Amino acid sequence: MAAQPSLCNSPPPMESQGKKSADPRPPSNYTDLISTLPLEEGWAPICTRKYQGFWIPQRVLPGIMDMQQNFKARPDDLWVLSYPKSGTTWLKALTYAIMTRAQYPFDHHPLLRRNPHECVPFVDRTYSRGQASEIEAMPSPRILNTHLPYSLLPHTIKSLDCKVIYVCRDPKDVLVSRWYFNNGMRPQPVEPIPFTKAFEMFCEDNCPYGPICEHVLEYWEESQRRPEKVLFLKYEEMLEDPLRIVRRLAEFMGCPFSPEEEKEGVVEEVIKLCSFDNLKSLEVNKTGKLHPEFVLTKDSFFRKGEAGDWRNHMSPEMARKLDRIPEQKLEGSGLTLHGVDVEAAATNGDVQAQVLSKLFVIFFLFFGCLE
Ligand code: A3P
């Protein structure tokens with residue numbers, strides 16, 4: 001059932017774009033083209049259009065089209081990329097803390113006063129607001145973020161061979177995280193999306209920036225082809241072994257920790273600064289909005305910060321149904337998307353099924369013999 005059209009976020013009006021920034025290049029008017037693209041309203045107020053194979057929120061679509069045509073990459077740009085709700089905020093904080101560690105003491109770090117999304121801009125939205133000049137004015141090296149799949153990235157990012165760090169997450173937890181995030185955006189008294197409806201939409205590849213498997217697979221394949229330029233991470237392994245991941249990030253970024261830094265505990269300081277508990281507790285991340293037009297407050301980016309919360313929202317059957325999608329779509333790629341504990345749980349399920357079927361055979365043979 002389609003949601004009420006009035007709930008849908010439309011693209012920002014063109015006349016409001018570029019006002020503050022006095023951008024010399026106002027975004028072109030893509031409205032006519034956008035209105036012809038297939039529309040999905042189930043995740044309202046985020047409404048999406050199918051653009052080049054992916055469901056892109058229509059609010060940022062004009063910015064993305066502008067970006068695809070006009071974005072000027074620099075060879076030392078670092079891109080932080082993700083399917084939304086996969087750990088972007090954390091990865092932004094980590095990369096920013098690693099890059100700026102020599103500039104600021106950890107007890108006076110900008111991340112204590114600014115939300116990670118204010119330190120690493122979400123370029124899709126900046127372009128959509130007509131403020132591309134903000135990105136152009138950033139000093140090098142820039143850390144930039146988009147949720148675009150690899151195939152939709154502006155061409156110059158690829159031709160200049162910019163470094164890319166991608167984070168993925170168990171789709172079941174992505175869905176749960178998305179569901180809370182979206183429901184938080186629905187104005188009172190609009191009912192939350194029932195979880196079963198969100199689940200069905202997700203399974204049908206209908207989710208902002210989806211389909212998720214194709215999104216992840218594009219970056220996975222690129223990371224296999226060019227490991228020195230594309231680093232592929234999993235949220236779950238970041239939680240499991242942050243020391244290893246932070247060292248890996250610094251190496252990949254070309255600024256590995258020196259023996260002195262290791263001795264002084266700088267790696268641990270980075271992890272502590274960017275930890276979920278620390279960021280969530282900071283005043284700057286508790287209230288206020290990233291932008292006046294953004295419905296949610298900054299605390300919405302810090303909910304639970306765990307792996308496996310899907311267990312509190314879906315039945316084992318639902319989990320199995322969702323798991324089968326990446327299993328099929330990623331088959332042969334060498335990539336799996338569900339966490340280790342989940343695989344163990346699935347194995348336990350299989351063992352139970354095997355025991356039951358053996359009991360059934362014994363029962364059948366026994367009573368069969370009696371007859
Ligand atoms: P949950 O909703 O499951 O808690 P994104 O940043 O891509 O929007 O992803 C949001 C998810 O990352 C949320 O997951 C959020 O709680 C979690 N998150 C945010 N900051 C984090 C951090 N520093 N460490 C671990 N998880 C974090």
# chains A, B, ... in the order shown; residues from 1 in each chain; ligands from 1
call {"tool": "closest_atom_pairs", "arguments": {"of": "region 31-97 of chain A", "to": "region 143-162 of chain A", "cutoff": "9 Å", "atoms": "only C-alpha atoms", "output": "Markdown table"}}
result
| residue | atom | partner | partner_atom | distance |
| --- | --- | --- | --- | --- |
| A:Gln52 | CA | A:Leu152 | CA | 7.4 |
| A:Phe54 | CA | A:Pro149 | CA | 8.1 |
| A:Ile56 | CA | A:Leu148 | CA | 8.4 |
| A:Ile64 | CA | A:Leu148 | CA | 8.5 |
| A:Met67 | CA | A:Pro154 | CA | 6.5 |
| A:Gln68 | CA | A:Pro154 | CA | 4.3 |
| A:Gln69 | CA | A:Pro154 | CA | 7.0 |
| A:Asn70 | CA | A:Pro154 | CA | 8.2 |
| A:Phe71 | CA | A:Pro154 | CA | 6.6 |
| A:Lys72 | CA | A:Thr156 | CA | 6.5 |
| A:Ala73 | CA | A:Ile157 | CA | 5.4 |
| A:Arg74 | CA | A:Leu160 | CA | 7.1 |
| A:Pro75 | CA | A:Leu160 | CA | 5.4 |
| A:Asp76 | CA | A:Cys162 | CA | 6.5 |
| A:Asp77 | CA | A:Cys162 | CA | 5.9 |
| A:Leu78 | CA | A:Ile143 | CA | 4.8 |
| A:Trp79 | CA | A:Leu144 | CA | 5.0 |
| A:Val80 | CA | A:Asn145 | CA | 4.8 |
| A:Leu81 | CA | A:Thr146 | CA | 5.6 |
| A:Ser82 | CA | A:His147 | CA | 5.4 |
| A:Tyr83 | CA | A:His147 | CA | 5.7 |
| A:Pro84 | CA | A:His147 | CA | 6.4 |
| A:Thr88 | CA | A:Asn145 | CA | 8.5 |
| A:Lys92 | CA | A:Asn145 | CA | 8.0 |
| A:Thr95 | CA | A:Ile143 | CA | 7.9 |
| A:Tyr96 | CA | A:Ile143 | CA | 7.3 |
call {"tool": "residues_around", "arguments": {"residues": "Ile46 (chain A)", "least_positions_apart": "2", "cutoff": "7 Å", "atoms": "only C-alpha atoms", "output": "short mmCIF file (atom, residue, chain, number, x, y, z; two decimals) with N, CA, C and O atoms, in the first residue's frame"}}
result
data_model
loop_
_atom_site.label_atom_id
_atom_site.label_comp_id
_atom_site.auth_asym_id
_atom_site.auth_seq_id
_atom_site.Cartn_x
_atom_site.Cartn_y
_atom_site.Cartn_z
N CYS A 8 5.82 12.55 1.55
CA CYS A 8 7.02 12.36 0.77
C CYS A 8 7.89 13.62 0.72
O CYS A 8 7.40 14.70 0.42
N ASN A 9 9.18 13.44 1.03
CA ASN A 9 10.14 14.53 0.90
C ASN A 9 10.39 14.81 -0.57
O ASN A 9 10.88 13.96 -1.28
N TRP A 43 8.80 3.94 2.15
CA TRP A 43 9.66 4.37 3.26
C TRP A 43 9.45 5.84 3.59
O TRP A 43 10.31 6.47 4.22
N ALA A 44 8.32 6.40 3.17
CA ALA A 44 8.07 7.82 3.41
C ALA A 44 8.30 8.16 4.89
O ALA A 44 7.97 7.35 5.76
N THR A 48 11.80 7.39 -2.86
CA THR A 48 12.95 7.09 -3.71
C THR A 48 12.54 6.96 -5.17
O THR A 48 11.38 6.65 -5.49
N PRO A 57 17.06 8.34 -2.85
CA PRO A 57 16.11 9.30 -2.28
C PRO A 57 15.95 10.50 -3.21
O PRO A 57 16.95 11.10 -3.63
#
call {"tool": "closest_residue", "arguments": {"among": "A:Tyr30, A:Phe257, A:Phe294, A:Trp90", "to": "Met238 (chain A)", "atoms": "only C-alpha atoms"}}
result
A:Trp90
call {"tool": "atom_distance", "arguments": {"atom1": "CA of His291 (chain A)", "atom2": "CA of Arg142 (chain A)"}}
result
20.8 Å
call {"tool": "residues_near_ligand", "arguments": {"ligand": "ligand 1", "cutoff": "6 Å", "atoms": "only C-alpha atoms and all ligand atoms", "output": "list in words"}}
result
Pro84, Lys85, Ser86, Gly87, Thr88, Thr89, Trp90, Asp173, Ser177, Cys274, Ser275, Phe276, Phe301, Phe302, Arg303, Lys304, Gly305 and Glu306 of chain A
call {"tool": "write_last_selection", "arguments": {"atoms": "all heavy atoms", "output": "short mmCIF file (atom, residue, chain, number, x, y, z; two decimals), in the first residue's frame"}}
result
data_model
loop_
_atom_site.label_atom_id
_atom_site.label_comp_id
_atom_site.auth_asym_id
_atom_site.auth_seq_id
_atom_site.Cartn_x
_atom_site.Cartn_y
_atom_site.Cartn_z
N PRO A 84 23.67 3.01 3.52
CA PRO A 84 23.26 3.69 4.75
C PRO A 84 22.90 2.72 5.88
O PRO A 84 22.38 1.64 5.64
CB PRO A 84 22.01 4.47 4.32
CG PRO A 84 22.08 4.56 2.84
CD PRO A 84 22.87 3.39 2.36
N LYS A 85 23.21 3.15 7.09
CA LYS A 85 22.97 2.42 8.35
C LYS A 85 23.92 1.24 8.54
O LYS A 85 23.63 0.29 9.25
CB LYS A 85 21.50 1.92 8.47
CG LYS A 85 20.41 2.92 8.17
CD LYS A 85 20.67 4.31 8.64
CE LYS A 85 20.71 4.48 10.13
NZ LYS A 85 21.22 5.84 10.49
N SER A 86 25.10 1.36 7.92
CA SER A 86 26.08 0.28 8.02
C SER A 86 27.28 0.66 8.90
O SER A 86 28.23 -0.12 8.99
CB SER A 86 26.60 -0.07 6.62
OG SER A 86 25.55 -0.52 5.81
N GLY A 87 27.26 1.86 9.48
CA GLY A 87 28.40 2.27 10.30
C GLY A 87 29.15 3.47 9.74
O GLY A 87 30.32 3.69 10.08
N THR A 88 28.48 4.24 8.89
CA THR A 88 29.11 5.41 8.26
C THR A 88 29.62 6.41 9.29
O THR A 88 30.74 6.91 9.18
CB THR A 88 28.06 6.14 7.38
OG1 THR A 88 27.17 5.19 6.82
CG2 THR A 88 28.71 6.98 6.32
N THR A 89 28.78 6.71 10.29
CA THR A 89 29.13 7.72 11.29
C THR A 89 30.43 7.32 12.00
O THR A 89 31.32 8.15 12.20
CB THR A 89 27.99 7.82 12.34
OG1 THR A 89 26.74 7.86 11.65
CG2 THR A 89 28.14 9.04 13.21
N TRP A 90 30.52 6.06 12.35
CA TRP A 90 31.71 5.55 13.04
C TRP A 90 32.94 5.64 12.13
O TRP A 90 34.01 6.11 12.54
CB TRP A 90 31.45 4.11 13.45
CG TRP A 90 32.45 3.51 14.38
CD1 TRP A 90 33.41 4.18 15.10
CD2 TRP A 90 32.58 2.12 14.70
NE1 TRP A 90 34.13 3.30 15.85
CE2 TRP A 90 33.63 2.02 15.63
CE3 TRP A 90 31.91 0.97 14.31
CZ2 TRP A 90 34.03 0.79 16.16
CZ3 TRP A 90 32.30 -0.25 14.84
CH2 TRP A 90 33.35 -0.33 15.75
N ASP A 173 20.73 -6.35 10.38
CA ASP A 173 20.92 -5.21 11.29
C ASP A 173 20.76 -3.87 10.55
O ASP A 173 20.31 -2.89 11.14
CB ASP A 173 22.29 -5.28 11.96
CG ASP A 173 22.30 -6.29 13.11
OD1 ASP A 173 21.23 -6.54 13.69
OD2 ASP A 173 23.38 -6.82 13.42
N SER A 177 18.15 -1.01 11.80
CA SER A 177 18.65 0.35 12.00
C SER A 177 17.89 1.34 11.10
O SER A 177 17.48 2.42 11.54
CB SER A 177 20.15 0.37 11.68
OG SER A 177 20.73 1.58 12.06
N CYS A 274 36.42 7.69 19.30
CA CYS A 274 35.36 7.39 18.33
C CYS A 274 34.41 6.30 18.81
O CYS A 274 33.53 5.88 18.04
CB CYS A 274 35.98 6.94 17.01
SG CYS A 274 37.10 8.15 16.33
N SER A 275 34.58 5.84 20.03
CA SER A 275 33.72 4.75 20.49
C SER A 275 32.26 5.20 20.56
O SER A 275 31.97 6.40 20.76
CB SER A 275 34.18 4.25 21.87
OG SER A 275 33.84 5.21 22.84
N PHE A 276 31.39 4.24 20.42
CA PHE A 276 29.96 4.52 20.46
C PHE A 276 29.58 5.24 21.75
O PHE A 276 28.92 6.28 21.73
CB PHE A 276 29.19 3.20 20.33
CG PHE A 276 27.70 3.36 20.36
CD1 PHE A 276 27.01 3.76 19.23
CD2 PHE A 276 26.99 3.14 21.53
CE1 PHE A 276 25.63 3.92 19.26
CE2 PHE A 276 25.62 3.31 21.57
CZ PHE A 276 24.94 3.69 20.43
N PHE A 301 21.80 9.21 15.10
CA PHE A 301 22.88 8.44 14.48
C PHE A 301 23.53 7.48 15.48
O PHE A 301 24.42 6.72 15.12
CB PHE A 301 23.95 9.38 13.90
CG PHE A 301 23.45 10.13 12.71
CD1 PHE A 301 22.99 11.44 12.82
CD2 PHE A 301 23.40 9.52 11.46
CE1 PHE A 301 22.52 12.13 11.71
CE2 PHE A 301 22.92 10.20 10.34
CZ PHE A 301 22.48 11.51 10.47
N PHE A 302 23.12 7.57 16.75
CA PHE A 302 23.70 6.71 17.78
C PHE A 302 22.56 6.00 18.51
O PHE A 302 21.95 6.56 19.40
CB PHE A 302 24.52 7.54 18.78
CG PHE A 302 25.54 8.42 18.10
CD1 PHE A 302 25.23 9.74 17.77
CD2 PHE A 302 26.78 7.92 17.76
CE1 PHE A 302 26.15 10.55 17.13
CE2 PHE A 302 27.71 8.72 17.11
CZ PHE A 302 27.39 10.05 16.80
N ARG A 303 22.23 4.80 18.09
CA ARG A 303 21.10 4.10 18.68
C ARG A 303 21.62 3.03 19.63
O ARG A 303 21.73 3.24 20.82
CB ARG A 303 20.20 3.52 17.58
CG ARG A 303 18.84 3.05 18.05
CD ARG A 303 18.05 2.40 16.93
NE ARG A 303 18.69 1.22 16.39
CZ ARG A 303 18.51 -0.02 16.85
NH1 ARG A 303 17.68 -0.23 17.83
NH2 ARG A 303 19.15 -1.05 16.30
N LYS A 304 22.02 1.87 19.10
CA LYS A 304 22.52 0.78 19.96
C LYS A 304 24.00 0.49 19.70
O LYS A 304 24.73 0.11 20.60
CB LYS A 304 21.72 -0.49 19.70
CG LYS A 304 20.49 -0.62 20.56
CD LYS A 304 20.06 -2.08 20.61
CE LYS A 304 19.15 -2.35 21.78
NZ LYS A 304 18.69 -3.75 21.78
N GLY A 305 24.38 0.56 18.42
CA GLY A 305 25.78 0.33 18.08
C GLY A 305 26.25 -1.09 18.36
O GLY A 305 27.37 -1.31 18.81
N GLU A 306 25.39 -2.07 18.06
CA GLU A 306 25.73 -3.48 18.32
C GLU A 306 25.51 -4.32 17.08
O GLU A 306 24.82 -3.89 16.16
CB GLU A 306 24.81 -4.05 19.41
CG GLU A 306 24.99 -3.42 20.76
CD GLU A 306 23.89 -3.82 21.73
OE1 GLU A 306 23.01 -4.64 21.33
OE2 GLU A 306 23.91 -3.32 22.85
#
